[in-house]
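Next up, coords22.cif (mmCIF, C-alpha atoms):
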```cif
data_upload
loop_
_atom_site.label_atom_id
_atom_site.label_comp_id
_atom_site.auth_asym_id
_atom_site.auth_seq_id
_atom_site.Cartn_x
_atom_site.Cartn_y
_atom_site.Cartn_z
CA MET A 1 -0.37 5.02 -13.83
CA GLY A 2 -0.21 7.06 -16.96
CA PRO A 3 2.26 7.88 -19.69
CA PRO A 4 5.06 7.41 -20.62
CA HIS A 5 4.58 3.65 -20.16
CA ALA A 6 1.94 2.00 -22.27
CA ARG A 7 -0.90 0.04 -20.76
CA GLU A 8 -0.45 -3.71 -21.07
CA LEU A 9 -3.62 -4.80 -19.34
CA ALA A 10 -6.58 -2.87 -17.99
CA VAL A 11 -9.59 -4.38 -16.26
CA THR A 12 -12.48 -2.10 -15.33
CA SER A 13 -15.32 -3.03 -13.02
CA GLN A 14 -17.99 -0.72 -11.68
CA PHE A 15 -15.84 0.96 -9.04
CA VAL A 16 -12.29 -0.23 -9.68
CA VAL A 17 -9.80 0.07 -12.54
CA LEU A 18 -6.88 -2.38 -12.43
CA GLU A 19 -3.97 -1.78 -14.80
CA VAL A 20 -0.92 -4.00 -15.18
CA SER A 21 2.07 -2.42 -16.92
CA HIS A 22 5.88 -2.41 -17.14
CA GLN A 23 5.99 -5.89 -18.64
CA GLY A 24 3.71 -7.20 -15.92
CA GLN A 25 5.79 -5.81 -13.05
CA VAL A 26 3.43 -3.06 -11.82
CA ALA A 27 -0.26 -3.26 -11.00
CA THR A 28 -2.19 -0.04 -10.38
CA LEU A 29 -5.57 -0.24 -8.67
CA THR A 30 -7.57 2.98 -9.01
CA LEU A 31 -10.62 3.66 -6.84
CA GLU A 32 -13.35 4.92 -9.16
CA ARG A 33 -16.41 6.19 -7.33
CA PRO A 34 -16.49 9.94 -7.87
CA PRO A 35 -16.58 12.48 -6.50
CA ALA A 36 -15.07 11.24 -3.19
CA ASN A 37 -14.33 7.54 -3.91
CA VAL A 38 -16.27 6.48 -0.82
CA MET A 39 -16.37 2.71 -0.48
CA SER A 40 -19.63 0.79 -0.49
CA LEU A 41 -19.95 -2.93 0.24
CA GLU A 42 -19.95 -3.68 -3.48
CA MET A 43 -16.86 -1.53 -3.97
CA THR A 44 -14.92 -3.23 -1.18
CA GLU A 45 -15.83 -6.60 -2.70
CA GLU A 46 -14.55 -5.40 -6.09
CA ILE A 47 -11.31 -4.14 -4.54
CA ASN A 48 -10.72 -7.45 -2.80
CA GLY A 49 -11.62 -9.42 -5.92
CA ALA A 50 -9.24 -7.38 -8.06
CA LEU A 51 -6.43 -7.92 -5.57
CA LEU A 52 -7.10 -11.65 -5.34
CA GLY A 53 -6.80 -11.79 -9.12
CA LEU A 54 -3.15 -10.72 -8.78
CA ARG A 55 -2.12 -13.75 -6.72
CA ASP A 56 -0.83 -15.68 -9.74
CA ALA A 57 0.86 -12.73 -11.46
CA GLY A 58 4.34 -14.20 -11.34
CA ASP A 59 6.28 -11.16 -12.61
CA LEU A 60 4.49 -8.62 -10.41
CA LYS A 61 6.76 -6.56 -8.14
CA VAL A 62 4.75 -3.47 -7.17
CA LEU A 63 1.11 -2.72 -6.40
CA VAL A 64 0.03 0.93 -6.47
CA ILE A 65 -3.29 1.96 -4.95
CA ARG A 66 -4.62 5.42 -5.79
CA GLY A 67 -7.85 7.36 -6.19
CA SER A 68 -9.43 8.79 -9.29
CA GLY A 69 -9.79 12.55 -9.70
CA ALA A 70 -8.42 14.77 -6.94
CA VAL A 71 -9.30 12.46 -4.02
CA PHE A 72 -7.73 9.27 -2.70
CA SER A 73 -10.79 8.16 -0.72
CA ARG A 74 -12.99 9.72 1.92
CA GLY A 75 -13.66 6.35 3.50
CA MET A 76 -16.70 4.14 3.86
CA ASP A 77 -20.17 4.98 2.59
CA LEU A 78 -22.15 5.76 5.76
CA THR A 79 -25.42 4.85 4.04
CA GLU A 80 -24.09 1.26 4.12
CA HIS A 81 -23.68 1.35 7.89
CA SER A 82 -26.99 -0.38 8.56
CA ARG A 83 -27.35 -3.38 10.85
CA ASP A 84 -28.03 -5.74 7.96
CA ARG A 85 -24.92 -4.70 6.00
CA VAL A 86 -22.31 -3.33 8.41
CA THR A 87 -20.95 -6.70 9.55
CA ARG A 88 -20.13 -7.82 6.04
CA LEU A 89 -18.91 -4.33 5.10
CA VAL A 90 -16.36 -4.34 7.92
CA GLN A 91 -15.33 -7.96 7.32
CA VAL A 92 -14.76 -7.49 3.58
CA PHE A 93 -12.93 -4.20 4.12
CA HIS A 94 -10.60 -5.80 6.66
CA ARG A 95 -10.03 -8.72 4.30
CA ILE A 96 -8.47 -6.23 1.84
CA PHE A 97 -5.60 -5.67 4.29
CA GLU A 98 -4.96 -9.38 4.63
CA THR A 99 -5.03 -9.83 0.85
CA ILE A 100 -2.48 -7.03 0.41
CA ARG A 101 -0.29 -8.57 3.10
CA LEU A 102 -0.31 -11.98 1.43
CA LEU A 103 0.49 -10.70 -2.08
CA ASN A 104 4.17 -11.07 -2.96
CA VAL A 105 4.50 -7.41 -3.92
CA VAL A 106 5.57 -4.10 -2.47
CA SER A 107 2.37 -2.12 -1.96
CA VAL A 108 2.44 1.66 -2.45
CA ALA A 109 -0.37 4.03 -1.51
CA ALA A 110 -0.25 6.99 -3.91
CA VAL A 111 -2.27 9.56 -1.98
CA ASN A 112 -3.21 12.09 -4.63
CA GLY A 113 -5.78 13.92 -2.49
CA ALA A 114 -7.85 13.65 0.66
CA ALA A 115 -7.55 10.35 2.54
CA ALA A 116 -10.15 10.21 5.29
CA ALA A 117 -11.44 7.46 7.57
CA GLY A 118 -11.27 4.17 5.65
CA GLY A 119 -9.24 5.90 2.95
CA PHE A 120 -6.57 6.80 5.51
CA ALA A 121 -6.74 3.21 6.80
CA LEU A 122 -6.26 1.82 3.30
CA ALA A 123 -3.12 3.93 2.87
CA LEU A 124 -1.80 2.73 6.25
CA GLY A 125 -2.26 -0.86 5.08
CA CYS A 126 0.34 -0.42 2.32
CA ASN A 127 4.08 -0.90 2.72
CA LEU A 128 4.93 2.58 1.43
CA VAL A 129 2.96 5.82 1.31
CA VAL A 130 3.68 8.77 -0.98
CA ALA A 131 1.54 11.87 -1.04
CA LYS A 132 0.95 15.20 -2.68
CA ARG A 133 1.89 18.10 -0.43
CA SER A 134 -1.71 19.33 -0.56
CA ALA A 135 -3.14 15.95 0.49
CA VAL A 136 -4.86 15.91 3.86
CA PHE A 137 -5.49 12.91 6.07
CA SER A 138 -8.09 12.52 8.80
CA LEU A 139 -9.90 10.04 11.03
CA PRO A 140 -13.26 11.74 11.61
CA GLU A 141 -15.11 8.62 12.82
CA VAL A 142 -15.49 9.86 16.41
CA ARG A 143 -17.59 12.75 15.12
CA THR A 144 -20.15 10.24 13.87
CA GLY A 145 -20.10 8.12 17.02
CA LEU A 146 -17.66 5.52 15.67
CA PHE A 147 -13.97 4.69 15.89
CA PRO A 148 -11.55 3.57 13.14
CA PRO A 149 -10.67 -0.13 13.74
CA VAL A 150 -7.60 -0.49 11.49
CA PRO A 151 -5.92 2.81 12.52
CA CYS A 152 -6.55 1.89 16.17
CA VAL A 153 -4.37 -1.15 15.56
CA ILE A 154 -1.71 0.32 13.25
CA LEU A 155 -1.16 3.90 14.46
CA PRO A 156 -0.10 3.19 18.09
CA ARG A 157 2.50 0.79 16.69
CA ALA A 158 3.73 3.06 13.92
CA ALA A 159 3.70 6.49 15.59
CA PRO A 160 4.04 7.92 19.11
CA ARG A 161 1.06 6.67 21.10
CA ARG A 162 -0.03 10.12 22.22
CA LYS A 163 -0.04 11.39 18.62
CA ALA A 164 -2.06 8.34 17.57
CA MET A 165 -4.48 9.05 20.40
CA GLU A 166 -4.77 12.69 19.29
CA TRP A 167 -5.41 11.85 15.65
CA ILE A 168 -8.06 9.27 16.52
CA LEU A 169 -9.83 11.15 19.33
CA LEU A 170 -9.89 14.61 17.76
CA GLY A 171 -10.54 13.61 14.16
CA GLU A 172 -8.83 16.72 12.83
CA GLU A 173 -7.19 17.05 9.43
CA ILE A 174 -3.49 16.16 9.32
CA ALA A 175 -1.15 17.56 6.69
CA ALA A 176 0.96 15.17 4.65
CA ASP A 177 4.12 16.87 5.91
CA GLU A 178 3.10 16.28 9.54
CA LEU A 179 2.53 12.58 8.92
CA ALA A 180 5.87 12.41 7.13
CA SER A 181 7.58 13.93 10.18
CA PHE A 182 6.28 10.98 12.23
CA GLY A 183 7.25 8.39 9.62
CA LEU A 184 3.70 7.60 8.45
CA VAL A 185 4.32 8.98 4.93
CA ASN A 186 7.54 8.05 3.16
CA ARG A 187 7.74 10.89 0.65
CA VAL A 188 5.80 14.10 0.06
CA PHE A 189 6.01 15.65 -3.40
CA PRO A 190 4.93 19.09 -4.60
CA ASP A 191 1.61 18.69 -6.38
CA THR A 192 3.12 19.45 -9.79
CA GLU A 193 5.83 16.83 -9.27
CA PHE A 194 3.71 14.07 -7.72
CA GLU A 195 3.40 11.83 -10.78
CA GLN A 196 7.07 12.21 -11.60
CA GLY A 197 8.11 11.44 -8.01
CA LEU A 198 5.80 8.44 -7.82
CA GLN A 199 7.11 7.10 -11.12
CA HIS A 200 10.70 7.52 -9.97
CA MET A 201 10.00 5.47 -6.83
CA ILE A 202 8.31 2.73 -8.87
CA ASP A 203 11.20 2.67 -11.34
CA ARG A 204 13.66 2.30 -8.46
CA LEU A 205 11.64 -0.55 -6.97
CA ILE A 206 11.23 -2.57 -10.17
CA ALA A 207 14.92 -2.16 -10.97
CA ASN A 208 15.53 -4.63 -8.13
CA SER A 209 15.05 -8.39 -8.11
CA GLY A 210 11.41 -9.30 -7.49
CA PRO A 211 12.11 -12.31 -5.21
CA VAL A 212 14.63 -10.30 -3.21
CA LEU A 213 12.09 -7.50 -2.72
CA GLN A 214 9.57 -10.09 -1.52
CA LEU A 215 11.98 -11.57 1.01
CA ALA A 216 13.15 -8.17 2.28
CA ARG A 217 9.50 -7.26 2.83
CA ARG A 218 8.78 -10.58 4.57
CA ALA A 219 11.82 -10.20 6.80
CA GLN A 220 10.37 -6.98 8.18
CA THR A 221 6.71 -7.94 8.42
CA GLU A 222 7.26 -11.39 9.93
CA SER A 223 9.67 -10.16 12.59
CA TYR A 224 7.86 -6.95 13.54
CA TYR A 225 5.77 -8.36 16.39
CA ALA A 226 8.28 -10.99 17.51
CA THR A 227 10.78 -10.69 20.35
CA TYR A 228 14.31 -9.75 19.37
CA GLU A 229 15.52 -13.36 19.60
CA GLU A 230 12.55 -14.70 17.62
CA ALA A 231 12.89 -11.96 15.01
CA LEU A 232 16.60 -12.58 14.52
CA PHE A 233 15.95 -16.33 14.15
CA LYS A 234 13.21 -15.70 11.54
CA VAL A 235 15.32 -13.27 9.53
CA GLU A 236 18.41 -15.47 9.70
CA ASN A 237 16.41 -18.40 8.31
CA LEU A 238 14.97 -16.27 5.53
CA TYR A 239 18.46 -15.06 4.62
CA LEU A 240 20.32 -18.38 4.72
CA ARG A 241 17.56 -20.70 3.54
CA ASP A 242 15.35 -18.67 1.19
CA LEU A 243 17.46 -15.75 -0.04
CA LEU A 244 20.68 -17.61 -0.78
CA ALA A 245 18.76 -20.36 -2.59
CA LEU A 246 17.94 -17.78 -5.27
CA GLN A 247 20.11 -16.97 -8.27
CA ASP A 248 19.78 -13.19 -8.02
CA PRO A 249 21.80 -12.66 -4.79
CA HIS A 250 24.78 -14.43 -6.34
CA GLU A 251 24.42 -12.38 -9.53
CA GLY A 252 24.18 -9.20 -7.47
CA ILE A 253 27.37 -9.98 -5.53
CA GLN A 254 29.25 -10.91 -8.71
CA ALA A 255 28.07 -7.75 -10.47
CA ALA A 256 29.20 -5.62 -7.54
CA LEU A 257 32.64 -7.28 -7.57
CA GLU A 258 32.94 -6.75 -11.32
CA GLY A 259 31.73 -3.15 -11.19
CA ARG A 260 28.76 -3.68 -13.53
CA GLU A 261 24.96 -3.55 -13.37
CA ALA A 262 23.33 -6.74 -12.17
CA GLN A 263 21.26 -8.68 -14.69
CA TRP A 264 18.39 -9.98 -12.61
CA ARG A 265 16.70 -13.24 -13.55
CA ASN A 266 13.99 -12.65 -10.93
CA ALA A 267 14.68 -16.14 -9.71
#
```
What's the structure tokens form of this structure?
Amino acid sequence: MGPPHARELAVTSQFVVLEVSHQGQVATLTLERPPANVMSLEMTEEINGALLGLRDAGDLKVLVIRGSGAVFSRGMDLTEHSRDRVTRLVQVFHRIFETIRLLNVVSVAAVNGAAAAGGFALALGCNLVVAKRSAVFSLPEVRTGLFPPVPCVILPRAAPRRKAMEWILLGEEIAADELASFGLVNRVFPDTEFEQGLQHMIDRLIANSGPVLQLARRAQTESYYATYEEALFKVENLYLRDLLALQDPHEGIQAALEGREAQWRNA
């Protein structure tokens, strides 16, 4: 994230820059391995370590993941795909998705350029995806005798199965607008308006109660693979037991009745 908001905390490792801003409400993780931000084993370990460091950030509401320069990420470093390193490379990379899932934040992939292979997968692992109109996505693994594990799991559940099959088996480039038409990208902004559009979305998110955002996210993720009856039971419990035990829902209702802006306590 850049201006107009000042940096409150910035931690830089070899391949990752982590910034926390907006009074501790927004964390931005930037992939820093130019020119293509391809991910080595060391880089995936740094990403996971940076994310784990956010577990105790009590005020955090939003996590933004983006790439440096004009590229999001072109995936994994194929020079790392040797028998003595590939097992750990895949395991650590997949651990990133679990770490994101367990963080009490809304995760946003800000796709500012090409997102290929593992880069596309990383974007899919976030709750929301925004992209520049010029950004292209692809899963070219089949062309190198591989297949993309995470997209093979997520895409058939998130898009029409035949489109998922096409994207994975052909490995062709996919425009941001096409992915948006299938619900894989939430918003596509003209290149010159990308930062402004991204900032507007973040501002809208952090204007809400943090605990309520967390529960609304949990209600969707925890019920997604359940049967209808199980899902309704889970969501009902979250609503009656967890949500209404907070102060913010009562403040929100009272503010609505009084015709004023809610004053969240994030509690």
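Between atom CA of A:Met201 and atom CA of A:Ala176 there is a distance of 17.5 Å.
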Which residues come within 7 Å of A:Ala219, counting all atoms listed in the file, excluding same-chain residues fewer than 4 positions away, as a ChimeraX atom specification?
-> /A:215,223,235,238
Measuring atom to atom with only C-alpha atoms, identify which of A:Leu29, A:Ala10, A:Val111, A:Ala226 is nearest to A:Ser134.
->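 Residue with the minimum atom-to-atom distance to A:Ser134: A:Val111.
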Which of A:Ala57, A:Leu244, A:Met76, A:Leu63 sits closest to A:Arg33 [using only C-alpha atoms] = A:Met76
Could you tell me which of A:Leu102, A:Leu128, A:Ala110, A:Ala158 comes closest to A:Glu222 if we count all atoms listed in the file?
->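 Checking each candidate against A:Glu222, we get A:Leu102 as the closest.
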Taking the file above as input, evaluate the PyMOL selection byres ((chain A and resi 240-242) around 12) and report the hits as an NGL selection string.
-> :A and (211-212 or 214-216 or 218-219 or 232-239 or 243-249 or 267)
For A:Asp203: contacts at 10 Å, all atoms listed in the file, fewer than 4 positions along chain excluded, given as number ranges by chain = A: 22, 26, 62, 197-199, 207-208
Tell me which protein, DNA and RNA residues are within 6 Å of A:Ile174, counting only C-alpha atoms, leaving out same-chain ones fewer than 4 positions away, and put them as a list in words.
->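 The filter keeps Val136, Phe137 and Ser138 of chain A.
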Check which residues satisfy the PyMOL selection byres ((chain A and resi 94) around 10) in the file shown, then give them as number ranges by chain.
-> A: 44, 48, 88-93, 95-99, 121-122, 125, 149-150
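With the shown file loaded, the PyMOL selection byres ((chain A and resi 16) around 7) picks out Thr12, Ser13, Gln14, Phe15, Val17, Leu18, Leu29, Thr30, Leu31, Glu32, Glu46 and Ile47 of chain A.
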Point-to-point distance in Å for atom CA of A:Phe72 and atom CA of A:Arg204 =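 Computed distance, atom CA of A:Arg204 to atom CA of A:Phe72, equals 23.2 Å.
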Go ahead and compute the interatomic distance for atom CA of A:Glu19 and atom CA of A:Val64, in Å to one decimal.
-> 9.6 Å
N, CA and C atoms modelled onto stretch 118-135 of chain A, as a compact mmCIF listing (two decimals), in the coordinates of the input:
```
# COMPACT_ATOMS: atom_id res chain seq x y z
N GLY A 118 -11.74 5.39 6.28
CA GLY A 118 -11.27 4.17 5.65
C GLY A 118 -10.25 4.40 4.56
N GLY A 119 -10.26 5.57 3.94
CA GLY A 119 -9.24 5.90 2.95
C GLY A 119 -7.88 6.04 3.58
N PHE A 120 -7.81 6.69 4.74
CA PHE A 120 -6.57 6.80 5.51
C PHE A 120 -6.12 5.39 5.92
N ALA A 121 -7.07 4.58 6.39
CA ALA A 121 -6.74 3.21 6.80
C ALA A 121 -6.15 2.41 5.65
N LEU A 122 -6.74 2.55 4.47
CA LEU A 122 -6.26 1.82 3.30
C LEU A 122 -4.82 2.20 2.99
N ALA A 123 -4.50 3.48 3.09
CA ALA A 123 -3.12 3.93 2.87
C ALA A 123 -2.18 3.33 3.92
N LEU A 124 -2.62 3.30 5.18
CA LEU A 124 -1.80 2.73 6.25
C LEU A 124 -1.52 1.24 6.03
N GLY A 125 -2.42 0.56 5.32
CA GLY A 125 -2.26 -0.86 5.08
C GLY A 125 -1.23 -1.20 4.02
N CYS A 126 -0.68 -0.19 3.36
CA CYS A 126 0.34 -0.42 2.32
C CYS A 126 1.73 -0.34 2.93
N ASN A 127 2.70 -0.92 2.24
CA ASN A 127 4.08 -0.90 2.72
C ASN A 127 4.70 0.49 2.67
N LEU A 128 4.38 1.24 1.63
CA LEU A 128 4.93 2.58 1.43
C LEU A 128 3.79 3.55 1.14
N VAL A 129 3.96 4.79 1.57
CA VAL A 129 2.96 5.82 1.31
C VAL A 129 3.66 7.05 0.75
N VAL A 130 3.21 7.50 -0.42
CA VAL A 130 3.68 8.77 -0.98
C VAL A 130 2.46 9.67 -1.14
N ALA A 131 2.68 10.96 -1.03
CA ALA A 131 1.54 11.87 -1.04
C ALA A 131 1.87 13.19 -1.70
N LYS A 132 0.83 13.81 -2.26
CA LYS A 132 0.95 15.20 -2.68
C LYS A 132 1.05 16.08 -1.44
N ARG A 133 1.75 17.19 -1.57
CA ARG A 133 1.89 18.10 -0.43
C ARG A 133 0.53 18.65 0.01
N SER A 134 -0.39 18.79 -0.91
CA SER A 134 -1.71 19.33 -0.56
C SER A 134 -2.65 18.28 0.01
N ALA A 135 -2.26 17.01 -0.01
CA ALA A 135 -3.14 15.95 0.49
C ALA A 135 -3.33 16.10 1.99
```
